[in-house]
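J.: Pasting work10.txt below, which is compact mmCIF, C-alpha atoms.
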# COMPACT_ATOMS: atom_id res chain seq x y z
CA MET A 1 -7.45 7.63 -14.64
CA LYS A 2 -5.10 10.43 -15.68
CA ALA A 3 -1.50 11.07 -14.71
CA PHE A 4 -0.65 13.72 -12.14
CA SER A 5 2.50 14.94 -10.46
CA LEU A 6 3.28 16.99 -7.39
CA GLU A 7 6.18 17.79 -5.10
CA ILE A 8 6.45 16.96 -1.41
CA PRO A 9 9.44 17.85 0.78
CA ALA A 10 11.01 14.41 0.46
CA VAL A 11 10.58 13.61 -3.22
CA ALA A 12 8.70 14.13 -6.50
CA ILE A 13 5.44 12.18 -6.56
CA ARG A 14 3.73 10.80 -9.66
CA GLY A 15 0.44 8.98 -9.78
CA LEU A 16 -3.02 8.53 -11.27
CA ARG A 17 -6.22 10.45 -10.57
CA GLY A 18 -9.80 9.72 -11.56
CA GLY A 19 -13.40 9.80 -10.46
CA ARG A 20 -15.50 12.90 -9.89
CA ALA A 21 -13.93 16.27 -9.16
CA GLY A 22 -15.63 17.63 -6.05
CA GLY A 23 -16.57 14.15 -4.83
CA PRO A 24 -15.44 12.68 -1.52
CA ARG A 25 -11.66 12.81 -1.41
CA VAL A 26 -9.93 9.42 -1.26
CA LEU A 27 -6.20 8.68 -1.28
CA ALA A 28 -5.48 5.14 -2.53
CA LEU A 29 -2.24 3.60 -1.23
CA HIS A 30 -0.77 0.59 -3.04
CA GLY A 31 1.16 -2.38 -1.70
CA TRP A 32 4.87 -3.10 -1.39
CA LEU A 33 6.67 -3.00 -4.75
CA ASP A 34 3.35 -2.26 -6.49
CA ASN A 35 2.34 1.15 -7.80
CA ALA A 36 -0.66 3.33 -8.61
CA ALA A 37 -1.77 0.96 -11.39
CA SER A 38 -2.87 -1.37 -8.60
CA PHE A 39 -6.13 0.61 -8.46
CA LEU A 40 -6.88 0.81 -12.20
CA PRO A 41 -9.28 -2.18 -12.18
CA LEU A 42 -11.19 -0.83 -9.16
CA ALA A 43 -11.32 2.83 -10.23
CA PRO A 44 -14.35 2.57 -12.59
CA TYR A 45 -16.42 1.32 -9.66
CA LEU A 46 -15.45 4.36 -7.55
CA ALA A 47 -16.52 6.95 -10.09
CA GLU A 48 -18.31 9.14 -7.51
CA VAL A 49 -15.21 9.85 -5.42
CA ASP A 50 -12.20 12.02 -6.20
CA LEU A 51 -9.71 9.16 -6.30
CA VAL A 52 -5.98 9.94 -6.11
CA ALA A 53 -3.56 7.01 -6.32
CA PRO A 54 0.06 8.11 -5.85
CA ASP A 55 3.11 6.02 -6.53
CA LEU A 56 4.56 6.03 -3.03
CA PRO A 57 8.20 7.17 -2.71
CA GLY A 58 10.58 4.63 -4.24
CA HIS A 59 7.78 2.99 -6.26
CA GLY A 60 6.50 3.28 -9.80
CA ARG A 61 7.31 6.63 -11.37
CA SER A 62 7.84 8.58 -8.16
CA GLY A 63 11.32 9.56 -7.05
CA HIS A 64 13.53 7.65 -4.64
CA LEU A 65 14.27 9.00 -1.18
CA PRO A 66 17.66 10.72 -0.93
CA ALA A 67 20.73 8.73 0.03
CA GLY A 68 20.90 8.22 3.76
CA VAL A 69 17.12 8.48 4.22
CA GLU A 70 15.49 5.16 5.09
CA TYR A 71 12.06 3.86 4.08
CA THR A 72 10.02 3.47 7.27
CA PHE A 73 6.34 3.26 8.13
CA ALA A 74 6.68 6.38 10.29
CA GLY A 75 8.20 8.23 7.36
CA ALA A 76 5.46 6.97 5.06
CA VAL A 77 2.83 8.51 7.36
CA HIS A 78 4.35 11.93 6.73
CA ASP A 79 4.65 11.20 3.00
CA VAL A 80 0.89 10.58 2.88
CA LEU A 81 0.11 13.70 4.90
CA ASP A 82 2.47 15.72 2.69
CA ILE A 83 0.67 14.43 -0.42
CA ALA A 84 -2.69 15.44 1.09
CA ASP A 85 -1.25 18.88 1.93
CA ALA A 86 0.01 19.31 -1.64
CA LEU A 87 -3.47 18.45 -2.92
CA GLY A 88 -5.00 21.00 -0.54
CA TRP A 89 -6.93 18.28 1.30
CA GLU A 90 -7.47 18.92 5.00
CA ARG A 91 -9.71 15.88 5.49
CA PHE A 92 -9.95 12.82 3.28
CA GLY A 93 -10.65 9.11 3.13
CA LEU A 94 -8.01 6.42 2.80
CA LEU A 95 -8.11 3.23 0.73
CA GLY A 96 -5.12 0.93 1.16
CA HIS A 97 -3.98 -2.46 -0.04
CA SER A 98 -1.41 -4.59 1.82
CA MET A 99 1.51 -2.31 2.76
CA GLY A 100 -0.67 0.64 1.77
CA ALA A 101 -3.36 -0.60 4.16
CA GLY A 102 -0.77 -0.73 6.94
CA ILE A 103 0.38 2.82 6.19
CA ALA A 104 -3.24 4.00 6.01
CA SER A 105 -3.89 2.42 9.41
CA LEU A 106 -0.99 4.35 10.91
CA VAL A 107 -2.18 7.62 9.36
CA ALA A 108 -5.69 7.08 10.73
CA ALA A 109 -4.39 6.27 14.21
CA GLY A 110 -1.64 8.91 14.25
CA CYS A 111 -3.50 11.85 12.72
CA PRO A 112 -7.21 11.13 13.30
CA GLN A 113 -8.31 14.72 12.68
CA ARG A 114 -7.35 14.35 9.00
CA VAL A 115 -8.97 10.98 8.16
CA GLU A 116 -12.72 10.74 7.58
CA ARG A 117 -13.05 7.09 6.55
CA LEU A 118 -10.75 4.12 6.06
CA VAL A 119 -10.96 1.04 3.85
CA VAL A 120 -8.14 -1.49 4.18
CA ILE A 121 -7.65 -4.52 1.96
CA GLU A 122 -5.51 -7.45 3.10
CA ALA A 123 -3.84 -5.69 6.05
CA LEU A 124 -4.73 -3.79 9.20
CA GLY A 125 -2.33 -2.02 11.53
CA ALA A 126 1.17 -3.43 11.19
CA LEU A 127 2.83 -6.84 11.06
CA PRO A 128 3.93 -7.72 14.61
CA GLU A 129 7.16 -9.37 15.67
CA ASP A 130 7.98 -11.73 18.51
CA PRO A 131 10.08 -9.66 20.95
CA ALA A 132 12.52 -12.60 21.13
CA ARG A 133 13.46 -11.87 17.49
CA THR A 134 14.33 -8.21 18.06
CA ALA A 135 18.10 -8.62 17.81
CA ALA A 136 17.89 -11.16 14.97
CA ARG A 137 15.65 -8.89 12.89
CA LEU A 138 17.94 -5.93 13.42
CA ARG A 139 20.98 -7.95 12.33
CA GLU A 140 19.17 -9.21 9.22
CA SER A 141 18.19 -5.66 8.29
CA VAL A 142 21.68 -4.22 8.83
CA ALA A 143 23.31 -7.02 6.83
CA ALA A 144 20.87 -6.63 3.93
CA ARG A 145 21.31 -2.85 3.85
CA ARG A 146 25.12 -3.06 3.89
CA ALA A 147 25.04 -5.62 1.05
CA LEU A 148 23.01 -3.43 -1.30
CA GLY A 149 26.04 -1.58 -2.61
CA GLY A 150 27.33 -4.68 -4.36
CA LYS A 151 24.09 -5.60 -6.09
CA ARG A 152 23.10 -4.72 -9.63
CA LEU A 153 19.63 -4.26 -11.05
CA ARG A 154 18.23 -7.18 -12.99
CA VAL A 155 17.91 -6.09 -16.62
CA PHE A 156 15.23 -7.58 -18.87
CA ALA A 157 15.40 -7.45 -22.66
CA ASP A 158 11.73 -6.43 -22.65
CA ALA A 159 8.73 -6.41 -20.33
CA GLU A 160 7.62 -10.00 -20.90
CA PRO A 161 10.00 -11.74 -18.44
CA ALA A 162 9.04 -9.14 -15.82
CA VAL A 163 5.35 -9.86 -16.37
CA ARG A 164 5.96 -13.59 -15.93
CA ALA A 165 8.00 -12.91 -12.79
CA ARG A 166 5.16 -10.91 -11.21
CA MET A 167 2.62 -13.56 -12.19
CA GLN A 168 4.69 -16.24 -10.49
CA ALA A 169 5.62 -14.21 -7.42
CA ASN A 170 2.12 -12.96 -6.64
CA GLY A 171 -0.22 -15.47 -8.26
CA LEU A 172 -1.52 -12.73 -10.55
CA SER A 173 -3.31 -13.03 -13.85
CA GLU A 174 -1.36 -11.77 -16.85
CA ALA A 175 -3.61 -8.72 -17.15
CA SER A 176 -3.05 -7.63 -13.54
CA ALA A 177 0.67 -8.33 -13.64
CA ARG A 178 1.03 -6.35 -16.86
CA LEU A 179 -0.65 -3.28 -15.32
CA LEU A 180 1.85 -3.26 -12.46
CA VAL A 181 4.86 -4.07 -14.63
CA GLU A 182 4.17 -1.44 -17.28
CA ARG A 183 4.20 1.25 -14.60
CA GLY A 184 7.02 -0.38 -12.64
CA LEU A 185 9.77 -0.57 -15.29
CA THR A 186 12.28 1.98 -16.51
CA ALA A 187 14.49 1.96 -19.59
CA VAL A 188 18.17 1.15 -18.95
CA PRO A 189 21.08 0.20 -21.21
CA GLY A 190 20.32 -3.26 -22.57
CA GLY A 191 16.58 -3.20 -21.92
CA VAL A 192 14.38 -2.42 -18.92
CA ALA A 193 14.68 -2.79 -15.15
CA TRP A 194 12.44 -2.34 -12.12
CA SER A 195 12.06 1.35 -11.28
CA SER A 196 11.54 0.70 -7.56
CA ASP A 197 14.28 1.65 -5.12
CA PRO A 198 16.35 -1.43 -4.18
CA ARG A 199 16.37 -0.18 -0.58
CA LEU A 200 12.72 -1.21 -0.38
CA THR A 201 13.83 -4.85 -0.30
CA VAL A 202 15.70 -4.39 3.00
CA PRO A 203 13.85 -6.01 5.94
CA THR A 204 12.35 -3.59 8.45
CA PRO A 205 14.85 -3.28 11.32
CA THR A 206 12.19 -3.19 14.05
CA ARG A 207 8.53 -4.12 14.29
CA MET A 208 5.81 -3.57 16.85
CA THR A 209 4.81 -6.27 19.30
CA ASP A 210 1.34 -7.83 19.19
CA ALA A 211 0.25 -5.64 22.09
CA GLN A 212 1.42 -2.50 20.32
CA VAL A 213 -0.41 -3.42 17.12
CA ASP A 214 -3.56 -4.09 19.12
CA ASP A 215 -3.32 -0.64 20.73
CA LEU A 216 -2.73 0.95 17.31
CA VAL A 217 -5.82 -0.69 15.80
CA ALA A 218 -7.95 0.19 18.83
CA GLY A 219 -6.85 3.80 18.32
CA ILE A 220 -8.37 4.08 14.83
CA GLY A 221 -11.49 6.07 15.59
CA CYS A 222 -12.91 6.74 12.13
CA PRO A 223 -15.41 4.42 10.41
CA THR A 224 -13.35 1.56 9.00
CA ARG A 225 -14.12 -1.28 6.63
CA VAL A 226 -11.71 -4.23 6.50
CA ILE A 227 -11.68 -6.51 3.45
CA TYR A 228 -9.80 -9.81 3.67
CA ALA A 229 -9.29 -12.53 1.08
CA ASP A 230 -10.07 -16.17 1.75
CA PRO A 231 -7.89 -18.21 1.98
CA PRO A 232 -5.78 -15.99 4.24
CA GLN A 233 -2.13 -15.17 3.71
CA PRO A 234 0.32 -17.08 5.98
CA TYR A 235 1.29 -13.82 7.70
CA LEU A 236 -2.40 -12.89 8.25
CA PRO A 237 -3.78 -16.12 9.74
CA GLU A 238 -7.20 -16.73 11.15
CA PRO A 239 -8.51 -16.26 13.74
CA GLU A 240 -5.89 -13.62 14.56
CA ARG A 241 -6.67 -11.27 11.70
CA SER A 242 -10.41 -11.24 12.48
CA ARG A 243 -9.72 -10.82 16.20
CA ARG A 244 -7.66 -7.73 15.44
CA ALA A 245 -10.38 -6.29 13.18
CA GLY A 246 -12.74 -6.70 16.12
CA LEU A 247 -10.68 -4.17 18.09
CA LEU A 248 -11.75 -1.34 15.78
CA PRO A 249 -14.16 1.00 17.60
CA ARG A 250 -16.19 1.59 14.41
CA GLY A 251 -15.11 -1.30 12.23
CA GLU A 252 -16.81 -3.65 9.77
CA LEU A 253 -15.26 -6.81 8.34
CA ALA A 254 -15.89 -8.48 4.98
CA VAL A 255 -14.18 -11.70 3.87
CA LEU A 256 -14.24 -12.47 0.13
CA PRO A 257 -12.97 -15.45 -1.84
CA GLY A 258 -9.81 -14.58 -3.72
CA GLY A 259 -6.09 -13.97 -3.56
CA HIS A 260 -3.97 -11.22 -2.07
CA HIS A 261 -4.56 -8.86 -5.02
CA LEU A 262 -8.32 -9.46 -5.06
CA HIS A 263 -8.97 -5.74 -5.70
CA MET A 264 -7.27 -6.24 -9.08
CA GLU A 265 -8.48 -9.74 -9.90
CA ASP A 266 -12.12 -9.31 -8.78
CA PRO A 267 -12.72 -5.56 -8.58
CA ALA A 268 -16.50 -5.88 -8.87
CA ALA A 269 -16.69 -7.98 -5.68
CA VAL A 270 -14.37 -5.62 -3.80
CA ALA A 271 -16.34 -2.62 -5.03
CA ALA A 272 -19.54 -4.26 -3.80
CA ALA A 273 -17.91 -4.77 -0.39
CA ILE A 274 -16.95 -1.09 -0.30
CA GLY A 275 -20.40 -0.06 -1.47
CA ASP A 276 -21.31 3.54 -0.64
CA PHE A 277 -18.90 3.63 2.31
CA PHE A 278 -16.95 6.66 1.10
CA LEU A 279 -20.14 8.50 0.14
CA ARG A 280 -21.60 8.49 3.65
CA ALA A 281 -21.30 11.36 6.09
CA SER A 282 -18.81 10.53 8.86
Using the file provided, produce a representation of the structure as structure tokens.

T.:
Amino acid sequence: MKAFSLEIPAVAIRGLRGGRAGGPRVLALHGWLDNAASFLPLAPYLAEVDLVAPDLPGHGRSGHLPAGVEYTFAGAVHDVLDIADALGWERFGLLGHSMGAGIASLVAAGCPQRVERLVVIEALGALPEDPARTAARLRESVAARRALGGKRLRVFADAEPAVRARMQANGLSEASARLLVERGLTAVPGGVAWSSDPRLTVPTPTRMTDAQVDDLVAGIGCPTRVIYADPPQPYLPEPERSRRAGLLPRGELAVLPGGHHLHMEDPAAVAAAIGDFFLRAS
């Protein structure tokens, strides 16, 4: 994949692009605190599509949102649509992992006339919240946001401690962790530090209820393929995650052995699960 850059109203976007020019258009959206390198292992298996993997705002080599502008899922929907507009894409497919899968779900539900097909890996819709935790979640978010001003970036002498940190945090192989880290660091006095915006670590102040997430998923009208890893993540338990996938009007579900970043660790299996999905007429 080759580097690209473009401008959207909110921020400068950097990313990686590969595949076949003129092929089906697919925007690939990475997970929280990941970056476009998340899709490097999978890209060779998607050679027939025009694959564009942006670093989402605040991640990788893209710019940070301006001061006073918060990172929200609703805002991310417009970021994705702005990226598609900048590419000149009226209609396109979406491929998302984790947070990127959640954002892709919202784009598909909120702007269905733009999205031809949807593949989500390890997330669908949004993470719900018990309504009884509404006030507690808001307080946690406000406290974390107000505390950011006193925090300093962790500085590493070189990339190796950062690679080990990602391996430990996400259960990644060294090769996968290194891909993410190499794109996710920036040079600072004394060494390197994460390039991601520290504001991304602030808990979301509000979340949808279960009923709202169900309605969101049921509103995704395009052909959708859901890929989950087995064993499931604690926040995506069975049978709830499969029940929610069953709400999709035109959905298909595949469950593969692997961890949360299975598209990086076992790209051949994930590619087989995707198959010719993006090559079909909608």

J.: What is the distance between atom CA of A:Ala36 and atom CA of A:Ala254, in Å to one decimal?

T.: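 Those two atoms sit 23.6 Å apart.
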
J.: Which residues are near A:Asp158? Cut-off 6 Å, all atoms listed in the file, ignore same chain within fewer than 2 positions. Put them as a PyMOL selection string.

T.: chain A and resi 156+160+191

J.: Measuring between all atoms listed in the file, which one of A:Glu140, A:Asp210, A:Asp197, A:Asp55 shows the shortest distance to A:Val69?

T.: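 Result for the nearest residue to A:Val69: A:Asp197.
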
J.: Rounded to one decimal, what separation in Å do you get between atom CA of A:Val11 and atom CA of A:Ala159?

T.: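 Atom CA of A:Ala159 lies at a distance of 26.4 Å from atom CA of A:Val11.
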
J.: When you look at stretch 70-82 of chain A with a cut-off of 8 Å (counting all atoms listed in the file), what residues show up, excluding the ones that are within fewer than 5 positions of it in the same chain? I need them as a VMD selection string.

T.: chain A and resid 8 to 10 56 to 57 65 103 to 104 106 to 107 199 to 200 204

J.: Against stretch 233-249 of chain A, which residues of stretch 112-160 of chain A fall within 10 Å? For each one I want the closest pair of atoms and the distance in Å (one decimal), counting all atoms listed in the file, rows by chain and increasing residue number, as a tab-separated table.

T.:
residue	atom	partner	partner_atom	distance
A:Glu122	CA	A:Leu236	CA	8.1
A:Ala123	CA	A:Leu236	CA	7.7
A:Leu124	CA	A:Ala245	CA	7.3
A:Gly125	CA	A:Arg244	CA	8.7
A:Leu127	CA	A:Tyr235	CA	7.9
A:Pro128	CA	A:Tyr235	CA	9.6

J.: Calculated over all atoms listed in the file, which of the candidates A:Leu94, A:Val52, A:Val181, A:Ala12 has the smallest distance to A:Pro66?

T.: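 Among A:Leu94, A:Val52, A:Val181, A:Ala12, it is A:Ala12 that comes nearest to A:Pro66.
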
J.: How far is it from atom CA of A:Val163 to atom CA of A:Met264, in Å with one decimal?

T.: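 Spanning atom CA of A:Val163 to atom CA of A:Met264 is a straight-line distance of 15.0 Å.
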
J.: Select, from A:Gly110, A:Gly184, A:Pro189, A:Gly171, the residue with the minimum atom-to-atom distance to A:Asp215, counting all atoms listed in the file.

T.: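 So, comparing all the options, the nearest one is A:Gly110.
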